Amino acid sequence: MISRLTARRAVRSGAIFGYIFGAATASSAISYTRFYKTAAQRDALAAAYGSNQATSALFGPAPELQTVAGFTVFKISMTLILLGAVWGLLTSTRLLRGEEDSGRWELLLAGPVTRRGAVVQALRGLGAGVVALWALTGLITAVGGLDASVRIAVWPALYFALAMAASAVMFLAVGALTSQLAGTRRQAATYAAWILGVSYAVRLIADAGLGLHGLIWASPLGWVEELRPLTAPAPLALVPIAALTAVLLTATVYLAGTRDVGAGIVPDRASRRPQLRLLRGPTGLAVRLVRPAVTSWWVAIAVSGLLFGLIARSAGGTISGSSVQVLARLGSRGNGTDAVLGVCFLTLAVLVACTAAGQITAARSEESAGRLEALLTRPVSRWRWLGGRLLVTVVVVLASGVMAGVFAWAGAASQHAGVSFGSLAEAGVNLVPPAVTIAGVGVLAFGVWPRGTSIVLYALLGWSLLVVVIGGVGGVGHWVLDTSVFHQMASAPAAPPRWEADGVMTAIGVAGALIGGIAFRRRDLQGE
């Protein structure tokens with residue numbers, strides 16, 4: 001029964017992501033045949049990307065760009081690998097730790113099943129979600145490969161789908177383990193996100209052309225990259241992937257039987273005297289509640305900005321000729337260090353937007369868990385509670401953007417890259433409007449469709465990233481690109497910020513928050 005319940009929810013989200021993966025892969029392959037029709041065009045593309053360390057660090061190496069398969073792997077694989085990892089960790093923490101937080105896990109354990117047996121059944125259900133992700137990705141890729149100009153056979157398409165699902169499998173196992181370690185779902189997701197962030201950072205350094213490519217084997221994402229689907233398949237890289245997954249799942253099942261339901265292996269808080277600071281109102285309470293997650297995001301942003309600054313000068317030295325056009329398609333005009341940082345700041349924009357989205361989902365968690373009712377029974381109005389939450393969100397997002405710029409400058413300055421503090425601080429502030437827009441849309445969903453808050457938030461965030469990556473590398477219609485908040489953001493410091501567009505995005509976010517606040521004031525509180 002537990003397997004069926006878990007599978008029903010995991011398969012639904014796995015099928016959605018599988019459709020997105022397959023459609024993105026097929027469209028990438030077909031767009032290559034439309035935009036690069038001649039051998040000369042394909043050779044120029046290969047020359048540009050093959051020597052561009054900036055794009056290799058962000059998106060992985062670019063082998064065999066004269067072929068449809070090679071271009072497809074380069075254009076879409078790293079994005080799908082990251083999306084698959086995020087899907088895996090969020091799905092496992094939601095269907096394992098989240099079920100404990102809601103109290104439903106205790107009801108299931110009241111039946112004839114042990115704690116370890118229940119986890120084993122839940123893991124089987126999660127496996128069904130992975131199968132759905134793999135099957136749909138492979139099916140749509142194979143169907144797209146039937147096009148006479150694409151010609152991707154069935155077995156290579158299925159192997160490609162397996163590679164894209166590999167990161168989902170590993171981070172599903174990571175999320176399952178952190179669900180045993182942490183005391184809450186949000187803590188479990190934060191621990192897993194930390195592991196993902198470190199894995200991406202290690203892979204980025206390995207592919208940045210700094211002579212450290214051996215580090216690729218120190219990152220789970222690097223193992224997936226080494227599978228080399230569609231170009232030069234290396235199934236041997238499945239060995240560490242399978243080994244890590246088996247170890248994590250074994251540890252998950254073991255730890256599930258050693259702890260109480262609702263408790264975590266890692267203590268939720270240290271044993272010390274009560275700290276009552278900031279608890280005089282709902283805004284201070286919000287600061288206390290979001291502080292651990294925000295601190296984690298800030299560390300991730302700071303480390304990422306520092307790493308990008310450190311590699312910007314060496315990567316910028318490889319940019320010349322047609323490489324300039326390559327980065328221009330990603331919105332980063334110019335050449336040298338500024339152009340590299342312009343592309344790198346896209347990744348920082350995603351991190352800042354994730355920070356904003358996390359604040360809105362945290363507010364929704366307060367309601368769905370029933371804790372908001374306790375606040376609203378006191379003389380605290382809904383406007384005051386939501387306004388305090390939004391104030392905290394704005395301060396967190398603004399600080400995140402400034403921090404991104406400051407730490408990127410610190411890394412670049414240490415390498416004497418010649419980028420001014422003012423330009424990178426301005427580029428950091430430029431990251432804020434897209435995050436404000438996403439947060440505003442999230443508040444609108446929170447007011448109108450509370451149970452769909454996280455769906456709307458992360459669908460908009462994922463779509464915006466997917467569109468700007470696909471459109472920037474392969475080209476799509478401007479009307480599609482305009483739907484991405486990251487496309488509306490100028491690639492500072494490579495290009496001056498477009499303050500008018502930033503103002504429009506901010507206005508959209510504010511309008512969404514106002515409408516969502518009005519709707520929240522008029523509706524009943526809703527649980528999960």
# chains A, B, ... in the order shown; residues from 1 in each chain; ligands from 1
>>> residues_around(residues="range 119-129 of chain A", least_positions_apart="4", cutoff="6 Å", atoms="only C-alpha atoms", output="PyMOL selection string")
chain A and resi 2-3+6-7+10-11+14
>>> closest_residue(among="A:Gly527, A:Pro156, A:Gly401, A:Gly418", to="Pro434 in chain A", atoms="only C-alpha atoms")
A:Gly401
>>> residues_around(residues="Leu65 in chain A", least_positions_apart="6", cutoff="8 Å", atoms="only C-alpha atoms", output="ChimeraX atom specification")
/A:42-43,45-46,71
>>> closest_residue(among="A:Glu500, A:Ser28, A:Trp385, A:Ala357", to="Leu461 in chain A", atoms="only C-alpha atoms")
A:Ala357
>>> select_by_dssp(residues="range 444-495 of chain A", states="alpha helix (DSSP H)", output="ChimeraX atom specification")
/A:444-448,453-474,478-481,485-488
>>> residues_around(residues="Val429 in chain A", least_positions_apart="2", cutoff="12 Å", atoms="only C-alpha atoms", output="mmCIF file with N, CA, C and O atoms, in the first residue's frame")
data_model
loop_
_atom_site.group_PDB
_atom_site.id
_atom_site.type_symbol
_atom_site.label_atom_id
_atom_site.label_comp_id
_atom_site.auth_asym_id
_atom_site.auth_seq_id
_atom_site.Cartn_x
_atom_site.Cartn_y
_atom_site.Cartn_z
ATOM 1 N N PHE A 345 26.910 35.113 -14.030
ATOM 2 C CA PHE A 345 25.893 35.758 -13.209
ATOM 3 C C PHE A 345 24.495 35.216 -13.502
ATOM 4 O O PHE A 345 23.575 35.448 -12.706
ATOM 5 N N LEU A 348 24.165 32.762 -10.802
ATOM 6 C CA LEU A 348 23.902 33.459 -9.547
ATOM 7 C C LEU A 348 22.470 33.976 -9.490
ATOM 8 O O LEU A 348 21.846 33.988 -8.424
ATOM 9 N N ALA A 349 21.932 34.401 -10.646
ATOM 10 C CA ALA A 349 20.539 34.861 -10.678
ATOM 11 C C ALA A 349 19.587 33.733 -10.312
ATOM 12 O O ALA A 349 18.581 33.949 -9.621
ATOM 13 N N VAL A 352 19.767 33.278 -6.503
ATOM 14 C CA VAL A 352 19.030 34.335 -5.800
ATOM 15 C C VAL A 352 17.527 34.105 -5.939
ATOM 16 O O VAL A 352 16.767 34.273 -4.976
ATOM 17 N N VAL A 397 16.552 38.876 -0.386
ATOM 18 C CA VAL A 397 16.889 38.866 -1.811
ATOM 19 C C VAL A 397 17.874 39.986 -2.139
ATOM 20 O O VAL A 397 18.852 39.781 -2.883
ATOM 21 N N LEU A 398 17.643 41.170 -1.608
ATOM 22 C CA LEU A 398 18.558 42.277 -1.868
ATOM 23 C C LEU A 398 19.944 41.980 -1.326
ATOM 24 O O LEU A 398 20.958 42.207 -2.004
ATOM 25 N N ALA A 399 20.003 41.441 -0.120
ATOM 26 C CA ALA A 399 21.303 41.076 0.445
ATOM 27 C C ALA A 399 21.973 39.977 -0.368
ATOM 28 O O ALA A 399 23.206 39.979 -0.542
ATOM 29 N N SER A 400 21.188 39.044 -0.903
ATOM 30 C CA SER A 400 21.746 37.969 -1.726
ATOM 31 C C SER A 400 22.396 38.522 -2.986
ATOM 32 O O SER A 400 23.492 38.108 -3.383
ATOM 33 N N GLY A 401 21.708 39.473 -3.647
ATOM 34 C CA GLY A 401 22.265 40.059 -4.856
ATOM 35 C C GLY A 401 23.553 40.820 -4.583
ATOM 36 O O GLY A 401 24.546 40.674 -5.316
ATOM 37 N N VAL A 402 23.557 41.651 -3.537
ATOM 38 C CA VAL A 402 24.763 42.402 -3.198
ATOM 39 C C VAL A 402 25.902 41.455 -2.844
ATOM 40 O O VAL A 402 27.052 41.649 -3.261
ATOM 41 N N MET A 403 25.583 40.396 -2.092
ATOM 42 C CA MET A 403 26.601 39.424 -1.705
ATOM 43 C C MET A 403 27.204 38.743 -2.929
ATOM 44 O O MET A 403 28.425 38.522 -2.996
ATOM 45 N N ALA A 404 26.372 38.414 -3.909
ATOM 46 C CA ALA A 404 26.875 37.788 -5.133
ATOM 47 C C ALA A 404 27.893 38.697 -5.819
ATOM 48 O O ALA A 404 28.971 38.247 -6.243
ATOM 49 N N GLY A 405 27.558 39.978 -5.936
ATOM 50 C CA GLY A 405 28.475 40.909 -6.580
ATOM 51 C C GLY A 405 29.761 41.103 -5.805
ATOM 52 O O GLY A 405 30.861 41.132 -6.378
ATOM 53 N N VAL A 406 29.662 41.225 -4.486
ATOM 54 C CA VAL A 406 30.842 41.476 -3.656
ATOM 55 C C VAL A 406 31.808 40.297 -3.692
ATOM 56 O O VAL A 406 33.028 40.471 -3.860
ATOM 57 N N GLY A 422 32.498 48.591 -8.331
ATOM 58 C CA GLY A 422 31.217 49.211 -8.644
ATOM 59 C C GLY A 422 30.428 48.455 -9.691
ATOM 60 O O GLY A 422 29.214 48.264 -9.559
ATOM 61 N N SER A 423 31.115 47.991 -10.741
ATOM 62 C CA SER A 423 30.406 47.284 -11.816
ATOM 63 C C SER A 423 29.852 45.949 -11.336
ATOM 64 O O SER A 423 28.741 45.555 -11.706
ATOM 65 N N LEU A 424 30.581 45.238 -10.473
ATOM 66 C CA LEU A 424 30.098 43.952 -9.987
ATOM 67 C C LEU A 424 29.038 44.130 -8.894
ATOM 68 O O LEU A 424 28.125 43.305 -8.780
ATOM 69 N N ALA A 425 29.146 45.191 -8.088
ATOM 70 C CA ALA A 425 28.078 45.468 -7.124
ATOM 71 C C ALA A 425 26.788 45.794 -7.865
ATOM 72 O O ALA A 425 25.690 45.351 -7.480
ATOM 73 N N GLU A 426 26.896 46.571 -8.950
ATOM 74 C CA GLU A 426 25.732 46.885 -9.786
ATOM 75 C C GLU A 426 25.169 45.628 -10.423
ATOM 76 O O GLU A 426 23.945 45.436 -10.502
ATOM 77 N N ALA A 427 26.063 44.731 -10.876
ATOM 78 C CA ALA A 427 25.606 43.461 -11.452
ATOM 79 C C ALA A 427 24.885 42.619 -10.413
ATOM 80 O O ALA A 427 23.924 41.910 -10.734
ATOM 81 N N LEU A 431 20.562 41.297 -10.159
ATOM 82 C CA LEU A 431 19.992 39.963 -9.973
ATOM 83 C C LEU A 431 18.687 39.983 -9.183
ATOM 84 O O LEU A 431 17.960 38.983 -9.162
ATOM 85 N N VAL A 432 18.380 41.101 -8.547
ATOM 86 C CA VAL A 432 17.235 41.161 -7.642
ATOM 87 C C VAL A 432 15.885 41.178 -8.358
ATOM 88 O O VAL A 432 14.964 40.453 -7.952
ATOM 89 N N PRO A 433 15.682 42.000 -9.413
ATOM 90 C CA PRO A 433 14.336 42.077 -10.025
ATOM 91 C C PRO A 433 13.758 40.748 -10.499
ATOM 92 O O PRO A 433 12.562 40.497 -10.267
ATOM 93 N N PRO A 434 14.516 39.853 -11.171
ATOM 94 C CA PRO A 434 13.918 38.561 -11.531
ATOM 95 C C PRO A 434 13.437 37.778 -10.310
ATOM 96 O O PRO A 434 12.368 37.143 -10.349
ATOM 97 N N ALA A 435 14.193 37.839 -9.224
ATOM 98 C CA ALA A 435 13.787 37.142 -7.998
ATOM 99 C C ALA A 435 12.527 37.764 -7.415
ATOM 100 O O ALA A 435 11.643 37.049 -6.912
ATOM 101 N N VAL A 436 12.420 39.097 -7.475
ATOM 102 C CA VAL A 436 11.219 39.772 -6.980
ATOM 103 C C VAL A 436 10.002 39.362 -7.812
ATOM 104 O O VAL A 436 8.912 39.142 -7.269
ATOM 105 N N MET A 489 16.592 40.123 -17.891
ATOM 106 C CA MET A 489 17.702 40.679 -17.102
ATOM 107 C C MET A 489 18.929 40.844 -17.981
ATOM 108 O O MET A 489 19.336 39.919 -18.679
ATOM 109 N N ALA A 490 19.538 42.030 -17.979
ATOM 110 C CA ALA A 490 20.778 42.246 -18.731
ATOM 111 C C ALA A 490 21.914 41.441 -18.106
ATOM 112 O O ALA A 490 21.940 41.228 -16.881
ATOM 113 N N SER A 491 22.846 40.989 -18.949
ATOM 114 C CA SER A 491 23.964 40.170 -18.461
ATOM 115 C C SER A 491 25.096 41.047 -17.948
ATOM 116 O O SER A 491 26.204 41.056 -18.483
ATOM 117 N N ALA A 492 24.802 41.820 -16.920
ATOM 118 C CA ALA A 492 25.841 42.624 -16.279
ATOM 119 C C ALA A 492 26.841 41.686 -15.583
ATOM 120 O O ALA A 492 26.447 40.622 -15.092
ATOM 121 N N PRO A 493 28.137 42.016 -15.590
ATOM 122 C CA PRO A 493 28.738 43.283 -16.027
ATOM 123 C C PRO A 493 29.115 43.340 -17.500
ATOM 124 O O PRO A 493 29.727 44.315 -17.926
ATOM 125 N N PRO A 496 25.412 46.819 -19.733
ATOM 126 C CA PRO A 496 24.837 47.681 -18.689
ATOM 127 C C PRO A 496 23.462 47.172 -18.268
ATOM 128 O O PRO A 496 22.692 46.686 -19.101
ATOM 129 N N PRO A 497 23.121 47.241 -16.997
ATOM 130 C CA PRO A 497 21.782 46.831 -16.566
ATOM 131 C C PRO A 497 20.699 47.640 -17.272
ATOM 132 O O PRO A 497 20.865 48.838 -17.517
ATOM 133 N N ARG A 498 19.621 46.968 -17.602
ATOM 134 C CA ARG A 498 18.466 47.653 -18.212
ATOM 135 C C ARG A 498 17.500 47.999 -17.075
ATOM 136 O O ARG A 498 16.619 47.192 -16.719
ATOM 137 N N TRP A 499 17.678 49.158 -16.501
ATOM 138 C CA TRP A 499 16.902 49.515 -15.320
ATOM 139 C C TRP A 499 15.412 49.636 -15.626
ATOM 140 O O TRP A 499 14.581 49.391 -14.744
ATOM 141 N N ASP A 502 14.166 46.177 -15.466
ATOM 142 C CA ASP A 502 14.189 45.780 -14.058
ATOM 143 C C ASP A 502 13.015 46.396 -13.298
ATOM 144 O O ASP A 502 12.406 45.761 -12.427
#
>>> closest_residue(among="A:Ile30, A:Leu514, A:Ala40, A:Val394", to="Phe446 in chain A", atoms="only C-alpha atoms")
A:Leu514
>>> residues_around(residues="range 190-205 of chain A", least_positions_apart="3", cutoff="8 Å", atoms="only C-alpha atoms", output="list in words")
Ala57, Leu58, Gly60, Ala85, Val86, Leu89, Phe171, Val174, Gly175, Thr178, Arg186, Gln187, Ala208, Gly209, Leu210, Leu212, His213, Leu215, Ile216, Ala218, Ser219, Pro220, Leu221, Gly222, Ala293, Ser296, Ala300, Ser304 and Leu307 of chain A
>>> decode(residues="range 277-296 of chain A", atoms="N, CA, C and O atoms", output="PDB file, in the first residue's frame")
ATOM      1  N   ARG A 277      15.034  36.365  21.653  1.00  0.00           N
ATOM      2  CA  ARG A 277      15.231  37.517  20.784  1.00  0.00           C
ATOM      3  C   ARG A 277      14.378  37.381  19.519  1.00  0.00           C
ATOM      4  O   ARG A 277      14.215  36.295  18.975  1.00  0.00           O
ATOM      5  N   LEU A 278      13.864  38.501  19.053  1.00  0.00           N
ATOM      6  CA  LEU A 278      13.088  38.610  17.808  1.00  0.00           C
ATOM      7  C   LEU A 278      11.707  37.968  17.908  1.00  0.00           C
ATOM      8  O   LEU A 278      11.027  37.832  16.897  1.00  0.00           O
ATOM      9  N   LEU A 279      11.289  37.569  19.098  1.00  0.00           N
ATOM     10  CA  LEU A 279      10.006  36.877  19.223  1.00  0.00           C
ATOM     11  C   LEU A 279       8.889  37.791  19.742  1.00  0.00           C
ATOM     12  O   LEU A 279       7.886  37.317  20.267  1.00  0.00           O
ATOM     13  N   ARG A 280       9.025  39.098  19.572  1.00  0.00           N
ATOM     14  CA  ARG A 280       8.003  40.033  20.021  1.00  0.00           C
ATOM     15  C   ARG A 280       6.943  40.308  18.956  1.00  0.00           C
ATOM     16  O   ARG A 280       5.998  41.047  19.198  1.00  0.00           O
ATOM     17  N   GLY A 281       7.117  39.760  17.746  1.00  0.00           N
ATOM     18  CA  GLY A 281       6.150  39.996  16.683  1.00  0.00           C
ATOM     19  C   GLY A 281       6.331  38.992  15.563  1.00  0.00           C
ATOM     20  O   GLY A 281       7.320  38.232  15.531  1.00  0.00           O
ATOM     21  N   PRO A 282       5.401  38.951  14.603  1.00  0.00           N
ATOM     22  CA  PRO A 282       5.482  37.957  13.517  1.00  0.00           C
ATOM     23  C   PRO A 282       6.683  38.146  12.599  1.00  0.00           C
ATOM     24  O   PRO A 282       7.212  37.170  12.067  1.00  0.00           O
ATOM     25  N   THR A 283       7.139  39.393  12.414  1.00  0.00           N
ATOM     26  CA  THR A 283       8.293  39.619  11.539  1.00  0.00           C
ATOM     27  C   THR A 283       9.566  39.049  12.155  1.00  0.00           C
ATOM     28  O   THR A 283      10.364  38.390  11.482  1.00  0.00           O
ATOM     29  N   GLY A 284       9.766  39.305  13.449  1.00  0.00           N
ATOM     30  CA  GLY A 284      10.927  38.726  14.120  1.00  0.00           C
ATOM     31  C   GLY A 284      10.880  37.218  14.136  1.00  0.00           C
ATOM     32  O   GLY A 284      11.899  36.538  13.961  1.00  0.00           O
ATOM     33  N   LEU A 285       9.674  36.670  14.326  1.00  0.00           N
ATOM     34  CA  LEU A 285       9.526  35.210  14.282  1.00  0.00           C
ATOM     35  C   LEU A 285       9.906  34.677  12.910  1.00  0.00           C
ATOM     36  O   LEU A 285      10.569  33.639  12.796  1.00  0.00           O
ATOM     37  N   ALA A 286       9.498  35.400  11.859  1.00  0.00           N
ATOM     38  CA  ALA A 286       9.842  34.975  10.496  1.00  0.00           C
ATOM     39  C   ALA A 286      11.353  34.945  10.305  1.00  0.00           C
ATOM     40  O   ALA A 286      11.899  34.025   9.680  1.00  0.00           O
ATOM     41  N   VAL A 287      12.043  35.957  10.847  1.00  0.00           N
ATOM     42  CA  VAL A 287      13.507  35.979  10.747  1.00  0.00           C
ATOM     43  C   VAL A 287      14.106  34.756  11.432  1.00  0.00           C
ATOM     44  O   VAL A 287      15.008  34.102  10.887  1.00  0.00           O
ATOM     45  N   ARG A 288      13.609  34.434  12.620  1.00  0.00           N
ATOM     46  CA  ARG A 288      14.119  33.267  13.336  1.00  0.00           C
ATOM     47  C   ARG A 288      13.871  31.975  12.566  1.00  0.00           C
ATOM     48  O   ARG A 288      14.721  31.080  12.519  1.00  0.00           O
ATOM     49  N   LEU A 289      12.703  31.870  11.932  1.00  0.00           N
ATOM     50  CA  LEU A 289      12.347  30.628  11.246  1.00  0.00           C
ATOM     51  C   LEU A 289      13.161  30.418   9.971  1.00  0.00           C
ATOM     52  O   LEU A 289      13.531  29.290   9.644  1.00  0.00           O
ATOM     53  N   VAL A 290      13.425  31.501   9.233  1.00  0.00           N
ATOM     54  CA  VAL A 290      14.096  31.334   7.939  1.00  0.00           C
ATOM     55  C   VAL A 290      15.604  31.434   8.053  1.00  0.00           C
ATOM     56  O   VAL A 290      16.317  31.198   7.073  1.00  0.00           O
ATOM     57  N   ARG A 291      16.114  31.772   9.229  1.00  0.00           N
ATOM     58  CA  ARG A 291      17.547  32.024   9.361  1.00  0.00           C
ATOM     59  C   ARG A 291      18.422  30.854   8.926  1.00  0.00           C
ATOM     60  O   ARG A 291      19.397  31.053   8.172  1.00  0.00           O
ATOM     61  N   PRO A 292      18.156  29.604   9.320  1.00  0.00           N
ATOM     62  CA  PRO A 292      19.043  28.508   8.883  1.00  0.00           C
ATOM     63  C   PRO A 292      19.058  28.324   7.370  1.00  0.00           C
ATOM     64  O   PRO A 292      20.140  28.178   6.771  1.00  0.00           O
ATOM     65  N   ALA A 293      17.879  28.335   6.740  1.00  0.00           N
ATOM     66  CA  ALA A 293      17.832  28.133   5.288  1.00  0.00           C
ATOM     67  C   ALA A 293      18.485  29.290   4.548  1.00  0.00           C
ATOM     68  O   ALA A 293      19.228  29.087   3.574  1.00  0.00           O
ATOM     69  N   VAL A 294      18.229  30.512   4.998  1.00  0.00           N
ATOM     70  CA  VAL A 294      18.817  31.682   4.340  1.00  0.00           C
ATOM     71  C   VAL A 294      20.337  31.661   4.471  1.00  0.00           C
ATOM     72  O   VAL A 294      21.064  31.975   3.518  1.00  0.00           O
ATOM     73  N   THR A 295      20.821  31.294   5.632  1.00  0.00           N
ATOM     74  CA  THR A 295      22.275  31.204   5.821  1.00  0.00           C
ATOM     75  C   THR A 295      22.888  30.216   4.839  1.00  0.00           C
ATOM     76  O   THR A 295      23.951  30.484   4.250  1.00  0.00           O
ATOM     77  N   SER A 296      22.224  29.094   4.623  1.00  0.00           N
ATOM     78  CA  SER A 296      22.724  28.098   3.667  1.00  0.00           C
ATOM     79  C   SER A 296      22.766  28.667   2.256  1.00  0.00           C
ATOM     80  O   SER A 296      23.752  28.490   1.524  1.00  0.00           O
TER      81      SER A 296
END
